[in-house]
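What's in entry_27.pdb: PDB, C-alpha atoms, pLDDT in the B column
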```pdb
ATOM      1  CA  MET A  22      90.418  96.312  69.805  1.00 84.00           C
ATOM      2  CA  LEU A  23      92.508  99.400  69.073  1.00 82.00           C
ATOM      3  CA  ASP A  24      92.772  98.246  65.454  1.00 86.00           C
ATOM      4  CA  LEU A  25      88.992  98.425  65.058  1.00 88.00           C
ATOM      5  CA  GLY A  26      86.734 101.366  64.414  1.00 89.00           C
ATOM      6  CA  THR A  27      87.741 104.948  63.734  1.00 92.00           C
ATOM      7  CA  VAL A  28      89.660 107.431  65.861  1.00 94.00           C
ATOM      8  CA  ARG A  29      87.880 110.746  66.211  1.00 95.00           C
ATOM      9  CA  THR A  30      88.823 113.912  68.066  1.00 96.00           C
ATOM     10  CA  TYR A  31      86.175 115.856  69.957  1.00 95.00           C
ATOM     11  CA  PRO A  32      86.270 119.398  71.398  1.00 94.00           C
ATOM     12  CA  ALA A  33      85.758 120.225  75.063  1.00 87.00           C
ATOM     13  CA  GLY A  34      82.140 120.020  76.164  1.00 89.00           C
ATOM     14  CA  HIS A  35      81.132 117.573  73.443  1.00 94.00           C
ATOM     15  CA  THR A  36      78.491 114.997  74.399  1.00 95.00           C
ATOM     16  CA  LEU A  37      79.611 111.514  73.382  1.00 95.00           C
ATOM     17  CA  ILE A  38      76.684 109.698  74.987  1.00 95.00           C
ATOM     18  CA  ARG A  39      73.320 111.058  76.072  1.00 95.00           C
ATOM     19  CA  GLN A  40      71.269 109.512  78.879  1.00 95.00           C
ATOM     20  CA  GLY A  41      68.106 107.788  77.706  1.00 93.00           C
ATOM     21  CA  GLU A  42      69.185 107.292  74.101  1.00 93.00           C
ATOM     22  CA  PRO A  43      69.675 103.813  72.604  1.00 91.00           C
ATOM     23  CA  GLY A  44      73.190 102.445  72.679  1.00 89.00           C
ATOM     24  CA  SER A  45      74.688 101.610  69.309  1.00 92.00           C
ATOM     25  CA  VAL A  46      78.389 102.492  69.663  1.00 95.00           C
ATOM     26  CA  VAL A  47      81.249 102.005  72.111  1.00 96.00           C
ATOM     27  CA  PHE A  48      84.128 104.415  72.737  1.00 96.00           C
ATOM     28  CA  VAL A  49      87.687 103.626  73.805  1.00 94.00           C
ATOM     29  CA  ILE A  50      89.354 106.753  75.191  1.00 93.00           C
ATOM     30  CA  VAL A  51      92.708 107.261  73.483  1.00 93.00           C
ATOM     31  CA  HIS A  52      93.560 110.655  74.943  1.00 90.00           C
ATOM     32  CA  GLY A  53      91.784 113.057  77.256  1.00 87.00           C
ATOM     33  CA  LEU A  54      89.191 112.971  80.000  1.00 85.00           C
ATOM     34  CA  VAL A  55      85.416 112.533  80.082  1.00 90.00           C
ATOM     35  CA  LYS A  56      82.851 112.838  82.844  1.00 88.00           C
ATOM     36  CA  VAL A  57      79.893 110.541  83.434  1.00 90.00           C
ATOM     37  CA  ILE A  58      76.821 112.435  84.639  1.00 89.00           C
ATOM     38  CA  ALA A  59      73.323 111.119  85.370  1.00 89.00           C
ATOM     39  CA  SER A  60      70.087 113.040  85.865  1.00 87.00           C
ATOM     40  CA  THR A  61      67.083 112.135  87.987  1.00 83.00           C
ATOM     41  CA  GLU A  62      63.510 112.617  86.849  1.00 83.00           C
ATOM     42  CA  ASN A  63      63.373 116.052  88.511  1.00 84.00           C
ATOM     43  CA  GLY A  64      66.414 117.248  86.571  1.00 79.00           C
ATOM     44  CA  THR A  65      69.017 116.995  89.331  1.00 79.00           C
ATOM     45  CA  GLU A  66      72.431 116.084  87.904  1.00 80.00           C
ATOM     46  CA  SER A  67      75.196 114.166  89.656  1.00 80.00           C
ATOM     47  CA  LEU A  68      78.730 113.338  88.609  1.00 80.00           C
ATOM     48  CA  LEU A  69      79.090 109.555  88.811  1.00 84.00           C
ATOM     49  CA  ALA A  70      82.637 109.018  87.570  1.00 84.00           C
ATOM     50  CA  VAL A  71      85.480 110.208  85.407  1.00 85.00           C
ATOM     51  CA  ARG A  72      87.030 108.148  82.643  1.00 88.00           C
ATOM     52  CA  VAL A  73      90.491 108.598  81.180  1.00 85.00           C
ATOM     53  CA  ARG A  74      92.854 107.137  78.589  1.00 86.00           C
ATOM     54  CA  GLY A  75      92.320 103.403  78.174  1.00 87.00           C
ATOM     55  CA  ASP A  76      88.783 103.343  79.554  1.00 91.00           C
ATOM     56  CA  VAL A  77      85.882 101.829  77.621  1.00 93.00           C
ATOM     57  CA  ILE A  78      82.589 103.727  77.733  1.00 94.00           C
ATOM     58  CA  GLY A  79      79.165 102.949  76.344  1.00 94.00           C
ATOM     59  CA  ASP A  80      79.642  99.199  76.594  1.00 94.00           C
ATOM     60  CA  MET A  81      76.790  98.412  78.993  1.00 92.00           C
ATOM     61  CA  ALA A  82      73.979  99.602  76.702  1.00 93.00           C
ATOM     62  CA  VAL A  83      75.515  97.750  73.758  1.00 94.00           C
ATOM     63  CA  LEU A  84      75.876  94.555  75.776  1.00 93.00           C
ATOM     64  CA  ASP A  85      72.340  94.414  77.154  1.00 91.00           C
ATOM     65  CA  GLY A  86      70.424  96.498  74.612  1.00 91.00           C
ATOM     66  CA  SER A  87      69.186  98.975  77.214  1.00 91.00           C
ATOM     67  CA  ALA A  88      69.058 102.757  76.958  1.00 93.00           C
ATOM     68  CA  ARG A  89      72.061 104.819  78.000  1.00 94.00           C
ATOM     69  CA  SER A  90      72.099 105.177  81.793  1.00 91.00           C
ATOM     70  CA  ALA A  91      74.178 108.372  81.878  1.00 92.00           C
ATOM     71  CA  THR A  92      75.513 111.235  79.787  1.00 94.00           C
ATOM     72  CA  VAL A  93      79.227 111.313  78.930  1.00 94.00           C
ATOM     73  CA  THR A  94      80.846 114.642  78.099  1.00 92.00           C
ATOM     74  CA  THR A  95      84.422 115.547  77.181  1.00 91.00           C
ATOM     75  CA  CYS A  96      86.316 117.774  79.618  1.00 85.00           C
ATOM     76  CA  GLY A  97      88.884 118.941  77.084  1.00 83.00           C
ATOM     77  CA  VAL A  98      90.008 117.979  73.626  1.00 90.00           C
ATOM     78  CA  THR A  99      89.531 114.208  73.640  1.00 92.00           C
ATOM     79  CA  SER A 100      90.393 111.477  71.154  1.00 95.00           C
ATOM     80  CA  ALA A 101      88.434 108.239  71.182  1.00 95.00           C
ATOM     81  CA  ARG A 102      88.149 105.178  69.000  1.00 95.00           C
ATOM     82  CA  LEU A 103      84.532 104.677  67.975  1.00 95.00           C
ATOM     83  CA  LEU A 104      83.335 101.096  67.483  1.00 95.00           C
ATOM     84  CA  LYS A 105      79.921 100.149  66.176  1.00 95.00           C
ATOM     85  CA  GLY A 106      78.031  97.923  68.555  1.00 94.00           C
ATOM     86  CA  GLU A 107      78.023  94.867  66.297  1.00 95.00           C
ATOM     87  CA  VAL A 108      81.763  95.199  65.711  1.00 95.00           C
ATOM     88  CA  PHE A 109      82.399  95.424  69.451  1.00 95.00           C
ATOM     89  CA  LEU A 110      80.232  92.387  70.225  1.00 95.00           C
ATOM     90  CA  GLY A 111      81.802  90.388  67.413  1.00 96.00           C
ATOM     91  CA  TYR A 112      85.266  91.135  68.747  1.00 96.00           C
ATOM     92  CA  LEU A 113      84.303  89.919  72.225  1.00 95.00           C
ATOM     93  CA  ARG A 114      82.890  86.691  70.783  1.00 95.00           C
ATOM     94  CA  ARG A 115      86.112  86.020  68.881  1.00 95.00           C
ATOM     95  CA  HIS A 116      88.385  86.952  71.787  1.00 95.00           C
ATOM     96  CA  PRO A 117      87.194  85.486  75.119  1.00 95.00           C
ATOM     97  CA  SER A 118      90.208  86.996  76.896  1.00 94.00           C
ATOM     98  CA  ALA A 119      88.981  90.469  75.914  1.00 93.00           C
ATOM     99  CA  ALA A 120      85.498  89.636  77.199  1.00 93.00           C
ATOM    100  CA  LEU A 121      87.062  88.524  80.491  1.00 95.00           C
ATOM    101  CA  ALA A 122      89.088  91.754  80.711  1.00 92.00           C
ATOM    102  CA  LEU A 123      85.897  93.748  80.154  1.00 92.00           C
ATOM    103  CA  SER A 124      84.190  91.789  82.949  1.00 93.00           C
ATOM    104  CA  VAL A 125      87.053  92.694  85.278  1.00 92.00           C
ATOM    105  CA  LEU A 126      86.661  96.351  84.294  1.00 89.00           C
ATOM    106  CA  MET A 127      82.926  96.285  84.971  1.00 90.00           C
ATOM    107  CA  GLY A 128      83.548  94.622  88.333  1.00 90.00           C
ATOM    108  CA  ASP A 129      85.980  97.381  89.205  1.00 87.00           C
ATOM    109  CA  ARG A 130      83.356 100.010  88.382  1.00 87.00           C
ATOM    110  CA  LEU A 131      80.846  98.231  90.605  1.00 87.00           C
ATOM    111  CA  ARG A 132      83.310  98.037  93.508  1.00 86.00           C
ATOM    112  CA  TRP A 133      84.013 101.761  93.130  1.00 81.00           C
ATOM    113  CA  ALA A 134      80.292 102.601  93.255  1.00 83.00           C
ATOM    114  CA  ASN A 135      79.659 100.251  96.200  1.00 84.00           C
ATOM    115  CA  GLN A 136      82.564 101.747  98.136  1.00 81.00           C
ATOM    116  CA  ARG A 137      81.200 105.271  97.703  1.00 80.00           C
ATOM    117  CA  ARG A 138      77.773 104.104  98.960  1.00 79.00           C
ATOM    118  CA  LEU A 139      79.298 102.404 102.003  1.00 81.00           C
ATOM    119  CA  GLU A 140      81.318 105.488 102.851  1.00 81.00           C
ATOM    120  CA  SER A 141      78.238 107.703 102.559  1.00 77.00           C
ATOM    121  CA  ALA A 142      76.565 105.593 105.232  1.00 79.00           C
ATOM    122  CA  GLY A 143      79.581 105.165 107.513  1.00 83.00           C
ATOM    123  CA  TYR A 144      81.615 108.385 107.472  1.00 89.00           C
ATOM    124  CA  GLY A 145      81.252 112.128 107.693  1.00 91.00           C
ATOM    125  CA  SER A 146      81.814 114.320 104.665  1.00 91.00           C
ATOM    126  CA  ASP A 147      85.410 115.211 105.599  1.00 93.00           C
ATOM    127  CA  VAL A 148      86.469 111.563 105.810  1.00 93.00           C
ATOM    128  CA  ARG A 149      84.526 110.703 102.639  1.00 92.00           C
ATOM    129  CA  LEU A 150      86.389 113.464 100.824  1.00 93.00           C
ATOM    130  CA  ALA A 151      89.751 112.215 102.084  1.00 93.00           C
ATOM    131  CA  ARG A 152      88.950 108.674 100.983  1.00 91.00           C
ATOM    132  CA  LEU A 153      87.801 109.923  97.573  1.00 90.00           C
ATOM    133  CA  LEU A 154      91.021 111.893  97.053  1.00 93.00           C
ATOM    134  CA  LEU A 155      93.044 108.785  97.889  1.00 92.00           C
ATOM    135  CA  ALA A 156      90.935 106.616  95.573  1.00 88.00           C
ATOM    136  CA  VAL A 157      91.320 109.039  92.644  1.00 88.00           C
ATOM    137  CA  ALA A 158      95.052 109.349  93.268  1.00 90.00           C
ATOM    138  CA  ALA A 159      95.414 105.563  93.376  1.00 86.00           C
ATOM    139  CA  ARG A 160      93.944 105.340  89.877  1.00 82.00           C
ATOM    140  CA  HIS A 161      95.178 108.487  88.157  1.00 84.00           C
ATOM    141  CA  GLY A 162      97.692 110.255  90.389  1.00 88.00           C
ATOM    142  CA  HIS A 163     101.273 111.150  89.569  1.00 89.00           C
ATOM    143  CA  ARG A 164     104.170 112.391  91.646  1.00 92.00           C
ATOM    144  CA  VAL A 165     104.976 116.096  91.671  1.00 91.00           C
ATOM    145  CA  LEU A 166     107.380 118.141  93.756  1.00 91.00           C
ATOM    146  CA  GLU A 167     104.745 118.860  96.424  1.00 90.00           C
ATOM    147  CA  GLY A 168     103.453 115.281  96.711  1.00 92.00           C
ATOM    148  CA  VAL A 169     100.902 113.460  94.552  1.00 93.00           C
ATOM    149  CA  ASP A 170      98.704 115.276  92.066  1.00 92.00           C
ATOM    150  CA  LEU A 171      95.266 113.658  91.694  1.00 89.00           C
ATOM    151  CA  GLY A 172      95.757 113.576  87.936  1.00 85.00           C
ATOM    152  CA  VAL A 173      92.126 114.513  87.289  1.00 85.00           C
ATOM    153  CA  PRO A 174      90.904 118.136  87.294  1.00 84.00           C
ATOM    154  CA  LEU A 175      87.828 118.282  89.512  1.00 86.00           C
ATOM    155  CA  THR A 176      85.953 121.307  90.827  1.00 86.00           C
ATOM    156  CA  GLN A 177      84.601 121.441  94.365  1.00 88.00           C
ATOM    157  CA  VAL A 178      81.105 120.955  92.973  1.00 86.00           C
ATOM    158  CA  GLU A 179      82.225 117.775  91.209  1.00 86.00           C
ATOM    159  CA  LEU A 180      84.023 116.492  94.303  1.00 88.00           C
ATOM    160  CA  GLY A 181      80.805 117.116  96.193  1.00 87.00           C
ATOM    161  CA  ASP A 182      78.804 115.139  93.640  1.00 83.00           C
ATOM    162  CA  LEU A 183      81.107 112.159  94.103  1.00 84.00           C
ATOM    163  CA  ILE A 184      80.702 112.134  97.894  1.00 86.00           C
ATOM    164  CA  CYS A 185      77.093 113.392  98.023  1.00 82.00           C
ATOM    165  CA  ALA A 186      77.966 116.691  99.678  1.00 87.00           C
ATOM    166  CA  LYS A 187      77.353 120.365  98.963  1.00 89.00           C
ATOM    167  CA  GLU A 188      80.038 122.606  97.505  1.00 90.00           C
ATOM    168  CA  SER A 189      80.234 124.586 100.753  1.00 93.00           C
ATOM    169  CA  THR A 190      80.860 121.361 102.685  1.00 93.00           C
ATOM    170  CA  VAL A 191      83.672 120.368 100.328  1.00 92.00           C
ATOM    171  CA  HIS A 192      85.169 123.851 100.547  1.00 92.00           C
ATOM    172  CA  LYS A 193      85.224 123.650 104.357  1.00 94.00           C
ATOM    173  CA  ALA A 194      86.646 120.110 104.370  1.00 94.00           C
ATOM    174  CA  LEU A 195      89.402 121.018 101.892  1.00 93.00           C
ATOM    175  CA  ARG A 196      90.329 124.052 103.963  1.00 93.00           C
ATOM    176  CA  GLU A 197      90.616 121.923 107.096  1.00 94.00           C
ATOM    177  CA  LEU A 198      92.688 119.272 105.306  1.00 94.00           C
ATOM    178  CA  ALA A 199      94.966 122.009 104.001  1.00 93.00           C
ATOM    179  CA  GLU A 200      95.317 123.536 107.475  1.00 94.00           C
ATOM    180  CA  GLN A 201      96.464 120.131 108.746  1.00 94.00           C
ATOM    181  CA  GLY A 202      99.067 119.943 105.974  1.00 94.00           C
ATOM    182  CA  LEU A 203      97.446 116.912 104.351  1.00 95.00           C
ATOM    183  CA  VAL A 204      96.586 118.476 100.983  1.00 94.00           C
ATOM    184  CA  LEU A 205      97.404 121.513  98.908  1.00 89.00           C
ATOM    185  CA  ARG A 206      94.840 123.375  96.858  1.00 80.00           C
ATOM    186  CA  VAL A 207      96.589 124.518  93.710  1.00 73.00           C
ATOM    187  CA  GLY A 208      94.341 126.571  91.460  1.00 73.00           C
ATOM    188  CA  HIS A 209      90.651 126.080  90.761  1.00 74.00           C
ATOM    189  CA  ARG A 210      90.607 122.419  89.743  1.00 80.00           C
ATOM    190  CA  ARG A 211      93.753 120.895  91.185  1.00 87.00           C
ATOM    191  CA  VAL A 212      94.411 119.150  94.498  1.00 91.00           C
ATOM    192  CA  VAL A 213      97.773 117.716  95.602  1.00 93.00           C
ATOM    193  CA  ILE A 214      98.119 115.205  98.437  1.00 94.00           C
ATOM    194  CA  SER A 215     101.053 116.560 100.417  1.00 94.00           C
ATOM    195  CA  ASP A 216     101.029 114.026 103.283  1.00 94.00           C
ATOM    196  CA  LEU A 217      99.959 110.590 102.093  1.00 92.00           C
ATOM    197  CA  PRO A 218     100.344 108.672 105.413  1.00 92.00           C
ATOM    198  CA  GLY A 219      98.627 111.491 107.272  1.00 94.00           C
ATOM    199  CA  LEU A 220      95.707 111.581 104.840  1.00 94.00           C
ATOM    200  CA  MET A 221      95.314 107.797 105.021  1.00 92.00           C
ATOM    201  CA  ALA A 222      95.243 107.987 108.818  1.00 93.00           C
ATOM    202  CA  PHE A 223      92.655 110.776 108.676  1.00 94.00           C
ATOM    203  CA  ALA A 224      90.596 108.682 106.247  1.00 91.00           C
ATOM    204  CA  ASP A 225      90.649 105.686 108.613  1.00 88.00           C
ATOM    205  CA  MET A 226      92.504 103.593 106.022  1.00 83.00           C
ATOM    206  CA  ASP A 227      95.085 100.958 106.899  1.00 70.00           C
ATOM    207  CA  PRO A 228      98.052 101.403 104.508  1.00 63.00           C
ATOM    208  CA  LEU A 229      98.929  97.710 104.904  1.00 55.00           C
ATOM    209  CA  SER A 230      95.487  96.465 103.891  1.00 59.00           C
ATOM    210  CA  PRO A 231      95.260  94.965 100.376  1.00 53.00           C
ATOM    211  CA  ASN A 232      91.922  96.764 100.070  1.00 59.00           C
ATOM    212  CA  ASN A 233      93.667 100.124 100.394  1.00 59.00           C
ATOM    213  CA  PRO A 234      96.469 100.264  97.807  1.00 54.00           C
ATOM    214  CA  PRO A 235      98.540 103.451  97.962  1.00 54.00           C
ATOM    215  CA  PRO A 236      98.583 105.832  94.999  1.00 53.00           C
ATOM    216  CA  LYS A 237     100.578 104.334  92.142  1.00 54.00           C
ATOM    217  CA  ALA A 238     102.861 107.359  92.136  1.00 47.00           C
ATOM    218  CA  TYR A 239     104.269 106.097  95.442  1.00 48.00           C
TER     219      TYR A 239
END
```

Represent the supplied structure as structure tokens.
Amino acid sequence: MLDLGTVRTYPAGHTLIRQGEPGSVVFVIVHGLVKVIASTENGTESLLAVRVRGDVIGDMAVLDGSARSATVTTCGVTSARLLKGEVFLGYLRRHPSAALALSVLMGDRLRWANQRRLESAGYGSDVRLARLLLAVAARHGHRVLEGVDLGVPLTQVELGDLICAKESTVHKALRELAEQGLVLRVGHRRVVISDLPGLMAFADMDPLSPNNPPPKAY
């Protein structure tokens, strides 16, 4: 798939996909970070997910012919391979293994969304935040001197969007986690997990469960 289409580089804040528009192209992120944001009818916006190098975006609308379900915006200089919809579909028809890999990816997205919904119903905001930090670190984290960096720059507002909480609630929860020595707040958009076992215990997660893999950096 990486031999198809054209690689383009986009500046920070560039809209790759706009909610409600028809889907005619697919992007494969080569370098950088994008955010997936959806708006309700009254204009309220929520951050649904972040996508990084290796992720495929825009595939759902191309596959089923529906309108784009969210807006995707670059968070910094981002390179992506752009594939026309018919080229993408043709590739999947010729390579069933690629179609299967895409199905696995879509299943992973669904599990992520379902897990966030379950946590919203079953846990308080502080535990939901802890579980989110662990989930992000498991996907994108990397080891640093202080522990595990999440690997994705997220503001408190964006963290709140992902756990359905207000910025003030996230601020309070982060402060309490930091006071317990579980995380470090480094700068405006960076969080480091300083005590992985402690944070997992706080998040009510069994480290031995196959459903709770530790961050890859560990």

Selection result of the PyMOL selection byres ((chain A and resi 94-102) around 7) on this file, as a CSV table (one decimal) with C-alpha atoms, keeping the file's coordinate frame:
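This is the output file out_29.csv:
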```csv
chain,number,residue,atom,x,y,z
A,26,GLY,CA,86.7,101.4,64.4
A,27,THR,CA,87.7,104.9,63.7
A,28,VAL,CA,89.7,107.4,65.9
A,29,ARG,CA,87.9,110.7,66.2
A,30,THR,CA,88.8,113.9,68.1
A,31,TYR,CA,86.2,115.9,70.0
A,32,PRO,CA,86.3,119.4,71.4
A,33,ALA,CA,85.8,120.2,75.1
A,34,GLY,CA,82.1,120.0,76.2
A,35,HIS,CA,81.1,117.6,73.4
A,36,THR,CA,78.5,115.0,74.4
A,37,LEU,CA,79.6,111.5,73.4
A,48,PHE,CA,84.1,104.4,72.7
A,49,VAL,CA,87.7,103.6,73.8
A,50,ILE,CA,89.4,106.8,75.2
A,51,VAL,CA,92.7,107.3,73.5
A,52,HIS,CA,93.6,110.7,74.9
A,53,GLY,CA,91.8,113.1,77.3
A,54,LEU,CA,89.2,113.0,80.0
A,55,VAL,CA,85.4,112.5,80.1
A,56,LYS,CA,82.9,112.8,82.8
A,57,VAL,CA,79.9,110.5,83.4
A,92,THR,CA,75.5,111.2,79.8
A,93,VAL,CA,79.2,111.3,78.9
A,103,LEU,CA,84.5,104.7,68.0
A,104,LEU,CA,83.3,101.1,67.5
```

What residues come out when you apply the PyMOL selection byres ((chain A and resi 147-149) around 12) to this file, written as a count of residues only? 44

Can you tell me, as lines of an AutoDock Vina configuration file, the centre and edge lengths (Å, one decimal) of the axis-aligned box enclosing all of region 98-110 of chain A's listed atoms after padding each side by 3 Å?
```
center_x = 84.2
center_y = 105.2
center_z = 69.7
size_x = 18.4
size_y = 31.6
size_z = 13.9
```

Shortest interatomic distance to Arg114 (chain A) - which of A:Ala70, A:Leu84, A:Val77, A:Leu166, counting only C-alpha atoms: A:Leu84

Hits of the PyMOL selection byres ((chain A and resi 212) around 10) in this structure, as a ChimeraX atom specification: /A:154,158,169-176,195,199,204-211,213-215

Tell me which protein, DNA and RNA residues are within 9 Å of Ser60 (chain A), counting all atoms listed in the file, leaving out same-chain ones fewer than 5 positions away, and put them as a PyMOL selection string. chain A and resi 40+65-67+91-92

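Compared by their closest atoms to Val73 (chain A), and using all atoms listed in the file, the residues A:Pro117, A:Gly41, A:Gly162, A:Gly106 rank with A:Gly162 nearest.
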
Which distance in Å separates CA of Val47 (chain A) and CA of Phe109 (chain A), to one decimal? 7.2 Å

Any idea what the distance is between CA of Leu121 (chain A) and CA of Asp76 (chain A)? 14.9 Å

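Across the model, the gap from CA of Asp227 (chain A) to CA of Val165 (chain A) is 23.6 Å.
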
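Nearest residue to Lys105 (chain A) among A:Ile78, A:Val71, A:Leu25, A:Met127 is A:Leu25, counting all atoms listed in the file.
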
Among A:Glu179, A:His163, A:Met22, A:Pro218, Leu123 (chain A) is approached most closely, using all atoms listed in the file, by A:Met22

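Closest approach to Glu167 (chain A) among A:Ser45, A:Leu217, A:Ile38, A:Leu131 is made by A:Leu217 (distances from all atoms listed in the file).
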